[in-house]
Number of protein chains: 2
Amino acid sequence: MDLDAVRTFVAVAETGQFQAAADDLGITQQAASKRVATLERELGVRLFARTARGTRLTVDGQALLPHARELLSAAERATAAVTPGRRALRIDVVGRRIAPSNILHAFYQQHPDIELDVVTLTAVDAASALAEIGAGTLDATFRSLRDSAGTVPSGLRSSRVIDDRHELLVGPRHPLANARTVPLAELTEHPIWMPGMADPEPVGYYDDLAKAFGLTIDTIGPSFGVDALLAEIADSTRLATFVGEGSRYLWPERYDLRRIPVVDPTPVYPLSVIWRADNPHPVLADFLEYLRSGYRTTSCDDGWIPDWAR
Amino acid sequence: MDLDAVRTFVAVAETGQFQAAADDLGITQQAASKRVATLERELGVRLFARTARGTRLTVDGQALLPHARELLSAAERATAAVTPGRRALRIDVVGRRIAPSNILHAFYQQHPDIELDVVTLTAVDAASALAEIGAGTLDATFRSLRDSAGTVPSGLRSSRVIDDRHELLVGPRHPLANARTVPLAELTEHPIWMPGMADPEPVGYYDDLAKAFGLTIDTIGPSFGVDALLAEIADSTRLATFVGEGSRYLWPERYDLRRIPVVDPTPVYPLSVIWRADNPHPVLADFLEYLRSGYRTTSCDDGWIPDWAR
DNA sequence: GTATGGGACAACCCTCCGTTGTCAGCGAGA
DNA sequence: TCTCGCTGACAACGGAGGGTTGTCCCATAC
């Protein structure tokens, strides 16, 4: 059963004649006649009674008409379901509390009419996330790409859109609790705890950072969740952790935690957005534009980023 | 949007690979690939992520899949709606109380699972009824064809299947009320009333009958319905009317009417069933077979039929 | 390294669809 | 009654599109 034939059948039924239906459809009367004839042959019944002044539906035609309309509207709904922009844009923000999530939230507030499907593939390493992008099961993700910005799998594009300046997060009893800023070099005295780093990228980042400035950064321990981490920090007189400037935690109310800006230099965590080059979703295009124009925040003259991210 | 492509899409989604889907559909893997590629191009989105070991649905593919299934089932419903035999057979029995209606009823009792749409085009002349048959808005009608059995419009077929023997219907005070039979010749003394004959065919029949045997048959008066006629007959000492042997009236309970068989000869009213030669409805075929085998009732050696019906 | 299986790409072929051109039937109007 | 106009059907032609064969590439398994 050909949908064009069904469309033609409905048009003829509505106009009452082949000629008018053909005009509506932009084809010749002969073509319309052929289409309906084919449909009739396929179904094995006559759909129209042809007269010299038009057509009338047969009983079979009358029986078919509502189903034909339903069929066409089903086709329309199917098309609409995948029409780029109809479908929610599926974005991996990695974690609900870090910069990408907040940026996406800001974007959403600016475009409240769009539909988003925000996911966190937090237990998934970058390679798998990129595979999902490539497979089309994910529209975009935010990752820090170790092997430099250019070498994403073919068909994918990446753009470094977030340079998240690190701040030190400490509890009230930590020696640096009341510092206005802290030079990076001073942190050699204080162990930094970054548990739950499953991905090689952030692990590599902190390893490089530690090596470059002689810091002690522990990325090994298992993560028992953000709350456990914050509680630990709040209680500790020694432990501190890094948080991104653009991240958000529910700490001020529950723990007396402090964010201390790190300077000379400021560690900057580079994040790229990765997407399929041929992804036609218009909201994706808008979002990428938003990222490029609005969120390359403060350029980091005083920042440190690893060599591989330059 | 091509339904074959949609079918292929669903098959690939279900099997997880093009090759298996192609086998199911009886086409080559390349053809299946082409179909899906065309669908993807038409929709502007990728539906599958192709890997070396099969395929996986993209988000768009997942969004489309339920709609695609719905589309296919809508197509199936549409086909089923006009599949010969699915649809109710629409038959004109002319009147609810006369032979065709009763015969159809008997046929229905023999095949209780069929669907019938019994109509009475009683105010419609034979020509219009035949036009409906030709147009396909009616599957069959019962008519007495004046211009001999063969000359139905082209594309139509007719078969004389009912020879309805006339009986005289009289009230209790009619002179013939207690006769076991009545010879036709005797009816010259008694006026026959046949009101409401809209069609030229029955009018012609009764005119011919009257002329042939010197009867007085009044076919002129308007009909006020069967009940009015029966009440009139029941009250009258003079009026009588003809009813077919195969007809059925609700008279025994309400009026003391009597059916008196007419003999020497018995007027026989010939009825043909008319249908489209190319009507594929299987129930129609069954019904025609039923009519031909079962209902050419008693052959009428002692009957009279007009010349034009021989 | 090799074998295997799945998909994509290229080239070819044929069918089928739409077009142009024409004819037949029915109704309306002169 | 004849002709005109409108509507569909039929025939023939041309081109696009869908299917097939043949081949290569890639990833995995042994």
# chains A, B, ... in the order shown; residues from 1 in each chain; ligands from 1
>>> closest_atom_pairs(of="chain D", to="chain A", cutoff="9 Å", atoms="only C-alpha atoms (C1' of nucleotides)", output="CSV")
residue,atom,partner,partner_atom,distance
D:DC6,C1',A:Arg53,CA,7.2
D:DT7,C1',A:Ala52,CA,5.1
D:DG8,C1',A:Ala52,CA,7.1
D:DA9,C1',A:Gln30,CA,8.4
>>> interface_residues(of="chain C", to="chain B", cutoff="12 Å", atoms="only C-alpha atoms (C1' of nucleotides)", output="PyMOL selection string")
chain C and resi 4-10
>>> write_last_selection(atoms="N, CA and C atoms (P, O5', C5', C4', C3', O3' and C1' of nucleotides)", output="PDB file, in the first residue's frame")
ATOM      1  P    DT C   4      36.172 -18.891   7.218  1.00  0.00           P
ATOM      2  O5'  DT C   4      35.155 -17.952   8.018  1.00  0.00           O
ATOM      3  C5'  DT C   4      35.202 -17.911   9.446  1.00  0.00           C
ATOM      4  C4'  DT C   4      34.271 -16.824   9.949  1.00  0.00           C
ATOM      5  C3'  DT C   4      33.065 -16.542   9.045  1.00  0.00           C
ATOM      6  O3'  DT C   4      31.890 -16.436   9.830  1.00  0.00           O
ATOM      7  C1'  DT C   4      34.218 -14.543   9.489  1.00  0.00           C
ATOM      8  P    DG C   5      30.448 -16.738   9.150  1.00  0.00           P
ATOM      9  O5'  DG C   5      29.669 -15.417   9.529  1.00  0.00           O
ATOM     10  C5'  DG C   5      29.764 -14.894  10.848  1.00  0.00           C
ATOM     11  C4'  DG C   5      29.492 -13.400  10.834  1.00  0.00           C
ATOM     12  C3'  DG C   5      28.348 -12.984   9.897  1.00  0.00           C
ATOM     13  O3'  DG C   5      27.544 -12.028  10.547  1.00  0.00           O
ATOM     14  C1'  DG C   5      30.261 -11.740   9.394  1.00  0.00           C
ATOM     15  P    DG C   6      26.036 -11.844  10.064  1.00  0.00           P
ATOM     16  O5'  DG C   6      25.874 -10.269  10.112  1.00  0.00           O
ATOM     17  C5'  DG C   6      26.444  -9.534  11.194  1.00  0.00           C
ATOM     18  C4'  DG C   6      26.805  -8.146  10.694  1.00  0.00           C
ATOM     19  C3'  DG C   6      25.800  -7.595   9.676  1.00  0.00           C
ATOM     20  O3'  DG C   6      25.306  -6.329  10.080  1.00  0.00           O
ATOM     21  C1'  DG C   6      28.026  -7.397   8.869  1.00  0.00           C
ATOM     22  P    DG C   7      24.084  -5.661   9.277  1.00  0.00           P
ATOM     23  O5'  DG C   7      24.723  -4.328   8.673  1.00  0.00           O
ATOM     24  C5'  DG C   7      26.001  -3.968   9.021  1.00  0.00           C
ATOM     25  C4'  DG C   7      26.471  -2.673   8.419  1.00  0.00           C
ATOM     26  C3'  DG C   7      25.552  -1.969   7.415  1.00  0.00           C
ATOM     27  O3'  DG C   7      25.776  -0.569   7.467  1.00  0.00           O
ATOM     28  C1'  DG C   7      27.480  -2.829   6.292  1.00  0.00           C
ATOM     29  P    DA C   8      25.005   0.398   6.460  1.00  0.00           P
ATOM     30  O5'  DA C   8      26.178   0.803   5.448  1.00  0.00           O
ATOM     31  C5'  DA C   8      27.368   1.395   5.956  1.00  0.00           C
ATOM     32  C4'  DA C   8      28.323   1.740   4.817  1.00  0.00           C
ATOM     33  C3'  DA C   8      27.701   2.574   3.696  1.00  0.00           C
ATOM     34  O3'  DA C   8      28.629   3.561   3.271  1.00  0.00           O
ATOM     35  C1'  DA C   8      28.531   0.530   2.817  1.00  0.00           C
ATOM     36  P    DC C   9      28.098   4.715   2.298  1.00  0.00           P
ATOM     37  O5'  DC C   9      28.728   4.298   0.890  1.00  0.00           O
ATOM     38  C5'  DC C   9      30.136   4.114   0.778  1.00  0.00           C
ATOM     39  C4'  DC C   9      30.486   3.543  -0.591  1.00  0.00           C
ATOM     40  C3'  DC C   9      29.783   4.233  -1.769  1.00  0.00           C
ATOM     41  O3'  DC C   9      30.758   4.635  -2.717  1.00  0.00           O
ATOM     42  C1'  DC C   9      29.555   1.883  -1.917  1.00  0.00           C
ATOM     43  P    DA C  10      30.314   5.472  -3.987  1.00  0.00           P
ATOM     44  O5'  DA C  10      30.311   4.379  -5.144  1.00  0.00           O
ATOM     45  C5'  DA C  10      31.406   3.466  -5.247  1.00  0.00           C
ATOM     46  C4'  DA C  10      31.294   2.641  -6.525  1.00  0.00           C
ATOM     47  C3'  DA C  10      30.572   3.327  -7.682  1.00  0.00           C
ATOM     48  O3'  DA C  10      31.215   2.967  -8.900  1.00  0.00           O
ATOM     49  C1'  DA C  10      29.413   1.351  -7.112  1.00  0.00           C
TER      50       DA C  10
END
>>> closest_residue(among="A:Met194, A:Ala81, A:Ala21, A:Leu168", to="chain B", atoms="only C-alpha atoms")
A:Ala81
>>> closest_atom_pairs(of="chain A", to="chain B", cutoff="6 Å", atoms="only C-alpha atoms", output="Markdown table")
| residue | atom | partner | partner_atom | distance |
| --- | --- | --- | --- | --- |
| A:Ala49 | CA | B:Ala135 | CA | 4.7 |
| A:Thr58 | CA | B:Thr137 | CA | 4.7 |
| A:Val59 | CA | B:Thr137 | CA | 4.8 |
| A:Asp60 | CA | B:Val82 | CA | 5.6 |
| A:His67 | CA | B:Ala78 | CA | 4.9 |
| A:Leu71 | CA | B:Ala74 | CA | 5.5 |
| A:Ala74 | CA | B:Leu71 | CA | 5.5 |
| A:Ala78 | CA | B:His67 | CA | 4.9 |
| A:Val82 | CA | B:Asp60 | CA | 5.6 |
| A:Ala135 | CA | B:Ala49 | CA | 4.6 |
| A:Gly136 | CA | B:Thr58 | CA | 4.6 |
| A:Thr137 | CA | B:Thr58 | CA | 4.6 |
>>> select_by_dssp(residues="region 61-303 of chain A", states="alpha helix (DSSP H)", output="PyMOL selection string")
chain A and resi 61-82+99-110+126-135+200-213+226-235+251-254+282-294
>>> atom_distance(atom1="CA of Val161 (chain A)", atom2="CA of Leu291 (chain A)")
6.0 Å
>>> atom_distance(atom1="CA of Thr15 (chain B)", atom2="CA of Thr28 (chain B)")
14.8 Å
>>> closest_residue(among="D:DC25, D:DC2, D:DA16, D:DA11", to="DT22 (chain C)", atoms="only C-alpha atoms (C1' of nucleotides)")
D:DA11
>>> residues_around(residues="DG15 (chain D)", least_positions_apart="2", cutoff="12 Å", atoms="only C-alpha atoms (C1' of nucleotides)", output="PDB file with C-alpha atoms (C1' of nucleotides), in the first residue's frame")
ATOM      1  C1'  DT C  15      10.276  -2.023 -13.480  1.00  0.00           C
ATOM      2  C1'  DC C  16       7.088   1.293 -12.496  1.00  0.00           C
ATOM      3  C1'  DC C  17       5.464   5.876 -12.254  1.00  0.00           C
ATOM      4  C1'  DG C  18       4.335  10.220 -14.322  1.00  0.00           C
ATOM      5  C1'  DT C  19       3.916  12.636 -18.482  1.00  0.00           C
TER       6       DT C  19
ATOM      7  C1'  DC D  13       7.056   7.163 -24.181  1.00  0.00           C
ATOM      8  C1'  DG D  17      14.201   4.944  -8.494  1.00  0.00           C
TER       9       DG D  17
END
>>> residues_around(residues="Val170 (chain A)", least_positions_apart="4", cutoff="6 Å", atoms="only C-alpha atoms (C1' of nucleotides)", output="list in words")
Ala240, Leu257 and Arg258 of chain A
>>> residues_around(residues="Ala5 (chain B)", least_positions_apart="4", cutoff="7 Å", atoms="only C-alpha atoms (C1' of nucleotides)", output="PyMOL selection string")
chain B and resi 9+35-36+39
>>> residues_around(residues="Ala127 (chain A)", least_positions_apart="4", cutoff="10 Å", atoms="only C-alpha atoms (C1' of nucleotides)", output="list in words")
Ala131, Glu132, Ile133, Arg143, Leu145, Val152, Pro153, Asp199 and Pro200 of chain A
>>> residues_around(residues="region 301-305 of chain B", least_positions_apart="3", cutoff="8 Å", atoms="only C-alpha atoms (C1' of nucleotides)", output="JSON, numbers by chain")
{"B": [165, 263, 264, 265, 266, 267, 268, 269, 270, 309, 310]}
>>> select_by_dssp(residues="region 81-174 of chain A", states="strand (DSSP E)", output="list in words")
Leu89, Arg90, Ile91, Asp92, Leu116, Asp117, Val118, Val119, Ala140, Thr141, Phe142, Arg143, Leu156, Arg157, Ser158, Ser159, Arg160, Val161, Ile162, Asp163, Asp164, Arg165, His166, Glu167, Leu168, Leu169 and Val170 of chain A
>>> write_last_selection(atoms="C-alpha atoms", output="tab-separated table (two decimals), in the first residue's frame")
chain	number	residue	atom	x	y	z
A	89	LEU	CA	17.76	17.26	23.12
A	90	ARG	CA	19.65	14.64	25.13
A	91	ILE	CA	22.70	16.07	26.84
A	92	ASP	CA	25.14	14.49	29.24
A	116	LEU	CA	15.79	18.88	27.24
A	117	ASP	CA	16.69	15.43	28.42
A	118	VAL	CA	19.51	15.99	30.84
A	119	VAL	CA	21.41	12.87	31.81
A	140	ALA	CA	26.15	16.12	23.36
A	141	THR	CA	28.46	15.57	26.30
A	142	PHE	CA	31.01	17.63	28.19
A	143	ARG	CA	34.40	16.08	28.54
A	156	LEU	CA	32.41	14.14	15.88
A	157	ARG	CA	33.21	17.72	16.66
A	158	SER	CA	34.43	19.25	19.87
A	159	SER	CA	34.78	22.76	21.08
A	160	ARG	CA	36.46	23.90	24.26
A	161	VAL	CA	33.82	26.06	25.80
A	162	ILE	CA	34.38	25.94	29.55
A	163	ASP	CA	37.50	26.92	31.42
A	164	ASP	CA	36.49	26.24	34.95
A	165	ARG	CA	38.74	27.98	37.46
A	166	HIS	CA	39.47	25.88	40.48
A	167	GLU	CA	38.75	26.99	43.98
A	168	LEU	CA	39.77	25.27	47.15
A	169	LEU	CA	36.95	23.92	49.25
A	170	VAL	CA	37.78	23.67	52.94
